Amino acid sequence: MGEADRRLSFFTEREGEVTVMAKSAHRSRKRFGGILQRYVLLDIAWTEVAGRIPVLDGADVAESFWKIPEDWERVRHADYLLELASALFPQPGPKPKVFSHLLSGMRALSYGSDPRTLGRKAEAAFLSIAGFGPDLSSCSGCGKSDNGPFRFLFSEGRLYCGDCMHRGGIPLSLGAVKTWRVLQAHSPEAQERIRIPEKIHKELQEVIPKYLEWCIGRPMRSLAGGFARVEP
């Protein structure tokens with residue numbers, strides 16, 4: 001904003017996404033000390049201005065995740081987590097669960113966890129919190145919960161077993177369905193302990209990101225090219 005000011009967006013625990021103006025952030029290093037960067041957890045304070053963008057008063061570093069920029073895949077997935085939070089939770093107001101999963105994901109990326117696995121965990125958790133979490137309890141046709149393999153139908157957000165649906169949807173093994181159930185039902189702490197076998201991860205990658213885009217009605221930019229869109 002102009003030669004000196006910066007426009008910044010934060011995802012906060014108490015207010016959700018907040019956009020503020022940092023006055024003289026470009027001109028003066030003393031004001032914010034160069035800490036207004038991505039991949040940093042900040043304690044911030046701002047002042048509401050009637051009819052105008054809020055003004056950032058101060059920011060202090062609470063935790064930094066400098067290991068993320070050392071690897072391009074970590075960067076892509078860190079940006080993806082932020083984009084997910086912004087896309088699924090644009091409404092103002094407290095977002096403690098979302099913030100907790102977002103912070104856990106950033107820490108895990110910084111510690112060297114597999115970025116792809118973290119992407120699936122975040123998608124499943126955020127979809128569930130946003131109310132888009134699909135009904136994975138059983139086949140929507142016969143009601144059986146262990147009659148896999150299944151097919152997942154985007155338009156309904158439901159599963160059908162092979163006996164009830166012979167065409168359409170995307171195939172999922174019983175193991176992939178059970179893993180998805182666990183991912184969308186657990187806290188960040190519990191998710192950290194979950195290990196996803198490569199075979200099941202490939203199945204989930206063919207379904208969860210595409211279902212998420214189906215729910216929000218647009219493609220995600222951060223991992224553009226990472227998977228192809230398909231018709232449900």
# chains A, B, ... in the order shown; residues from 1 in each chain; ligands from 1
call {"tool": "select_by_dssp", "arguments": {"residues": "segment 23-77 of chain A", "states": "helix (DSSP H, G or I)", "output": "list in words"}}
result
Arg29, Lys30, Arg31, Phe32, Ile68, Pro69, Glu70, Trp72, Glu73, Arg74, Val75, Arg76 and His77 of chain A
call {"tool": "atom_distance", "arguments": {"atom1": "atom CA of Gly112 of chain A", "atom2": "atom CA of Asp60 of chain A"}}
result
24.9 Å
call {"tool": "select_by_dssp", "arguments": {"residues": "segment 40-167 of chain A", "states": "strand (DSSP E or B)", "output": "JSON, numbers by chain"}}
result
{"A": [40, 41, 42, 43, 44, 45, 46, 47, 48, 49, 52, 53, 54, 55, 56, 57, 58, 59, 60, 61, 62, 63, 64, 135, 136, 137, 138, 139, 150, 151, 152, 153, 158, 159, 160, 161]}
call {"tool": "atom_distance", "arguments": {"atom1": "atom CA of Pro115 of chain A", "atom2": "atom CA of Tyr80 of chain A"}}
result
10.1 Å
call {"tool": "atom_distance", "arguments": {"atom1": "atom CA of Ile53 of chain A", "atom2": "atom CA of Met106 of chain A"}}
result
27.6 Å
call {"tool": "residues_around", "arguments": {"residues": "Ala87 of chain A", "least_positions_apart": "6", "cutoff": "12 Å", "atoms": "only C-alpha atoms", "output": "JSON, numbers by chain"}}
result
{"A": [11, 16, 17, 80, 81, 98, 123, 126, 127, 130, 212, 213, 215, 216, 217, 218, 219, 220, 221, 222]}
call {"tool": "write_last_selection", "arguments": {"atoms": "N, CA and C atoms", "output": "PDB file, in the first residue's frame"}}
result
ATOM      1  N   PHE A  11      -3.981 -15.387   9.872  1.00  0.00           N
ATOM      2  CA  PHE A  11      -5.037 -16.284  10.351  1.00  0.00           C
ATOM      3  C   PHE A  11      -4.861 -16.395  11.858  1.00  0.00           C
ATOM      4  N   GLY A  16     -10.178 -15.457  13.422  1.00  0.00           N
ATOM      5  CA  GLY A  16     -10.102 -16.028  12.081  1.00  0.00           C
ATOM      6  C   GLY A  16      -9.160 -15.213  11.212  1.00  0.00           C
ATOM      7  N   GLU A  17      -9.492 -15.078   9.931  1.00  0.00           N
ATOM      8  CA  GLU A  17      -8.625 -14.320   9.033  1.00  0.00           C
ATOM      9  C   GLU A  17      -8.813 -12.823   9.257  1.00  0.00           C
ATOM     10  N   TYR A  80      -0.284 -24.265   1.236  1.00  0.00           N
ATOM     11  CA  TYR A  80      -1.543 -24.984   1.037  1.00  0.00           C
ATOM     12  C   TYR A  80      -2.367 -25.000   2.322  1.00  0.00           C
ATOM     13  N   LEU A  81      -1.726 -25.241   3.463  1.00  0.00           N
ATOM     14  CA  LEU A  81      -2.449 -25.228   4.734  1.00  0.00           C
ATOM     15  C   LEU A  81      -3.085 -23.869   4.983  1.00  0.00           C
ATOM     16  N   VAL A  98      -9.514 -24.837  14.130  1.00  0.00           N
ATOM     17  CA  VAL A  98      -8.792 -24.663  12.873  1.00  0.00           C
ATOM     18  C   VAL A  98      -7.375 -24.184  13.156  1.00  0.00           C
ATOM     19  N   GLU A 123      -6.636 -31.570   5.179  1.00  0.00           N
ATOM     20  CA  GLU A 123      -7.869 -31.560   4.383  1.00  0.00           C
ATOM     21  C   GLU A 123      -9.003 -32.248   5.127  1.00  0.00           C
ATOM     22  N   PHE A 126     -10.030 -30.135   8.301  1.00  0.00           N
ATOM     23  CA  PHE A 126     -10.698 -28.875   7.985  1.00  0.00           C
ATOM     24  C   PHE A 126     -12.075 -29.113   7.373  1.00  0.00           C
ATOM     25  N   LEU A 127     -12.193 -30.124   6.516  1.00  0.00           N
ATOM     26  CA  LEU A 127     -13.508 -30.455   5.944  1.00  0.00           C
ATOM     27  C   LEU A 127     -14.499 -30.823   7.044  1.00  0.00           C
ATOM     28  N   ALA A 130     -15.486 -27.704   9.080  1.00  0.00           N
ATOM     29  CA  ALA A 130     -16.309 -26.797   8.286  1.00  0.00           C
ATOM     30  C   ALA A 130     -17.709 -27.337   8.016  1.00  0.00           C
ATOM     31  N   LEU A 212     -12.615 -31.708  -1.764  1.00  0.00           N
ATOM     32  CA  LEU A 212     -12.496 -30.387  -1.153  1.00  0.00           C
ATOM     33  C   LEU A 212     -12.775 -29.301  -2.194  1.00  0.00           C
ATOM     34  N   GLU A 213     -12.185 -29.424  -3.383  1.00  0.00           N
ATOM     35  CA  GLU A 213     -12.430 -28.444  -4.428  1.00  0.00           C
ATOM     36  C   GLU A 213     -13.891 -28.453  -4.856  1.00  0.00           C
ATOM     37  N   CYS A 215     -16.362 -29.006  -2.871  1.00  0.00           N
ATOM     38  CA  CYS A 215     -17.105 -28.327  -1.807  1.00  0.00           C
ATOM     39  C   CYS A 215     -16.968 -26.813  -1.885  1.00  0.00           C
ATOM     40  N   ILE A 216     -15.765 -26.312  -2.155  1.00  0.00           N
ATOM     41  CA  ILE A 216     -15.574 -24.861  -2.169  1.00  0.00           C
ATOM     42  C   ILE A 216     -15.842 -24.252  -3.539  1.00  0.00           C
ATOM     43  N   GLY A 217     -15.962 -25.089  -4.554  1.00  0.00           N
ATOM     44  CA  GLY A 217     -16.352 -24.599  -5.870  1.00  0.00           C
ATOM     45  C   GLY A 217     -15.254 -23.956  -6.686  1.00  0.00           C
ATOM     46  N   ARG A 218     -14.012 -24.206  -6.353  1.00  0.00           N
ATOM     47  CA  ARG A 218     -12.906 -23.649  -7.131  1.00  0.00           C
ATOM     48  C   ARG A 218     -11.646 -24.449  -6.856  1.00  0.00           C
ATOM     49  N   PRO A 219     -10.683 -24.405  -7.778  1.00  0.00           N
ATOM     50  CA  PRO A 219      -9.417 -25.123  -7.557  1.00  0.00           C
ATOM     51  C   PRO A 219      -8.539 -24.397  -6.552  1.00  0.00           C
ATOM     52  N   MET A 220      -7.699 -25.137  -5.863  1.00  0.00           N
ATOM     53  CA  MET A 220      -6.722 -24.569  -4.948  1.00  0.00           C
ATOM     54  C   MET A 220      -5.465 -24.231  -5.747  1.00  0.00           C
ATOM     55  N   ARG A 221      -4.822 -23.108  -5.419  1.00  0.00           N
ATOM     56  CA  ARG A 221      -3.689 -22.633  -6.207  1.00  0.00           C
ATOM     57  C   ARG A 221      -2.339 -23.171  -5.724  1.00  0.00           C
ATOM     58  N   SER A 222      -2.200 -23.380  -4.415  1.00  0.00           N
ATOM     59  CA  SER A 222      -0.875 -23.654  -3.845  1.00  0.00           C
ATOM     60  C   SER A 222      -0.237 -24.926  -4.381  1.00  0.00           C
TER      61      SER A 222
END
call {"tool": "residues_around", "arguments": {"residues": "segment 160-168 of chain A", "least_positions_apart": "5", "cutoff": "10 Å", "atoms": "only C-alpha atoms", "output": "PDB file with N, CA and C atoms, in the first residue's frame"}}
result
ATOM      1  N   LEU A 136     -18.876 -41.281   6.273  1.00  0.00           N
ATOM      2  CA  LEU A 136     -18.081 -42.455   5.926  1.00  0.00           C
ATOM      3  C   LEU A 136     -18.400 -43.653   6.815  1.00  0.00           C
ATOM      4  N   SER A 138     -20.827 -45.858   6.742  1.00  0.00           N
ATOM      5  CA  SER A 138     -21.299 -47.095   6.128  1.00  0.00           C
ATOM      6  C   SER A 138     -21.741 -46.831   4.697  1.00  0.00           C
ATOM      7  N   CYS A 139     -22.067 -47.888   3.978  1.00  0.00           N
ATOM      8  CA  CYS A 139     -22.619 -47.766   2.631  1.00  0.00           C
ATOM      9  C   CYS A 139     -23.989 -47.102   2.702  1.00  0.00           C
ATOM     10  N   SER A 140     -24.210 -46.095   1.880  1.00  0.00           N
ATOM     11  CA  SER A 140     -25.488 -45.387   1.900  1.00  0.00           C
ATOM     12  C   SER A 140     -26.612 -46.203   1.292  1.00  0.00           C
ATOM     13  N   GLY A 141     -26.261 -47.280   0.619  1.00  0.00           N
ATOM     14  CA  GLY A 141     -27.284 -48.126   0.037  1.00  0.00           C
ATOM     15  C   GLY A 141     -27.765 -49.210   0.978  1.00  0.00           C
ATOM     16  N   CYS A 142     -26.834 -50.044   1.461  1.00  0.00           N
ATOM     17  CA  CYS A 142     -27.215 -51.195   2.294  1.00  0.00           C
ATOM     18  C   CYS A 142     -26.931 -50.983   3.776  1.00  0.00           C
ATOM     19  N   GLY A 143     -26.147 -49.953   4.118  1.00  0.00           N
ATOM     20  CA  GLY A 143     -25.881 -49.669   5.522  1.00  0.00           C
ATOM     21  C   GLY A 143     -24.742 -50.466   6.125  1.00  0.00           C
ATOM     22  N   LYS A 144     -24.066 -51.299   5.353  1.00  0.00           N
ATOM     23  CA  LYS A 144     -22.963 -52.084   5.885  1.00  0.00           C
ATOM     24  C   LYS A 144     -21.703 -51.230   5.967  1.00  0.00           C
ATOM     25  N   SER A 145     -20.965 -51.367   7.077  1.00  0.00           N
ATOM     26  CA  SER A 145     -19.788 -50.527   7.284  1.00  0.00           C
ATOM     27  C   SER A 145     -18.487 -51.183   6.842  1.00  0.00           C
ATOM     28  N   ASP A 146     -18.521 -52.487   6.626  1.00  0.00           N
ATOM     29  CA  ASP A 146     -17.277 -53.196   6.273  1.00  0.00           C
ATOM     30  C   ASP A 146     -17.426 -53.991   4.990  1.00  0.00           C
ATOM     31  N   ASN A 147     -18.311 -53.539   4.114  1.00  0.00           N
ATOM     32  CA  ASN A 147     -18.580 -54.258   2.872  1.00  0.00           C
ATOM     33  C   ASN A 147     -17.789 -53.646   1.714  1.00  0.00           C
ATOM     34  N   GLY A 148     -16.493 -53.331   1.973  1.00  0.00           N
ATOM     35  CA  GLY A 148     -15.659 -52.716   0.954  1.00  0.00           C
ATOM     36  C   GLY A 148     -15.249 -53.704  -0.125  1.00  0.00           C
ATOM     37  N   PRO A 149     -14.652 -53.234  -1.219  1.00  0.00           N
ATOM     38  CA  PRO A 149     -14.312 -51.836  -1.473  1.00  0.00           C
ATOM     39  C   PRO A 149     -15.542 -50.979  -1.757  1.00  0.00           C
ATOM     40  N   PHE A 150     -15.342 -49.658  -1.651  1.00  0.00           N
ATOM     41  CA  PHE A 150     -16.435 -48.717  -1.825  1.00  0.00           C
ATOM     42  C   PHE A 150     -16.184 -47.827  -3.037  1.00  0.00           C
ATOM     43  N   ARG A 151     -17.201 -47.031  -3.367  1.00  0.00           N
ATOM     44  CA  ARG A 151     -17.049 -45.937  -4.319  1.00  0.00           C
ATOM     45  C   ARG A 151     -17.583 -44.682  -3.635  1.00  0.00           C
ATOM     46  N   PHE A 152     -16.840 -43.584  -3.768  1.00  0.00           N
ATOM     47  CA  PHE A 152     -17.212 -42.327  -3.115  1.00  0.00           C
ATOM     48  C   PHE A 152     -17.812 -41.373  -4.140  1.00  0.00           C
ATOM     49  N   LEU A 153     -19.006 -40.872  -3.831  1.00  0.00           N
ATOM     50  CA  LEU A 153     -19.732 -39.988  -4.740  1.00  0.00           C
ATOM     51  C   LEU A 153     -19.643 -38.556  -4.233  1.00  0.00           C
ATOM     52  N   PHE A 154     -18.955 -37.692  -4.995  1.00  0.00           N
ATOM     53  CA  PHE A 154     -18.755 -36.295  -4.587  1.00  0.00           C
ATOM     54  C   PHE A 154     -20.068 -35.579  -4.304  1.00  0.00           C
ATOM     55  N   SER A 173     -10.619 -48.381  -1.165  1.00  0.00           N
ATOM     56  CA  SER A 173     -10.560 -49.634  -0.430  1.00  0.00           C
ATOM     57  C   SER A 173     -11.103 -49.434   0.982  1.00  0.00           C
ATOM     58  N   LEU A 174     -11.401 -50.526   1.648  1.00  0.00           N
ATOM     59  CA  LEU A 174     -11.873 -50.443   3.030  1.00  0.00           C
ATOM     60  C   LEU A 174     -10.806 -49.802   3.911  1.00  0.00           C
ATOM     61  N   GLU A 231     -14.295 -35.356 -13.206  1.00  0.00           N
ATOM     62  CA  GLU A 231     -15.733 -35.258 -13.007  1.00  0.00           C
ATOM     63  C   GLU A 231     -16.170 -36.342 -12.036  1.00  0.00           C
ATOM     64  N   PRO A 232     -17.049 -35.998 -11.067  1.00  0.00           N
ATOM     65  CA  PRO A 232     -17.491 -36.976 -10.071  1.00  0.00           C
ATOM     66  C   PRO A 232     -18.359 -38.060 -10.682  1.00  0.00           C
TER      67      PRO A 232
END
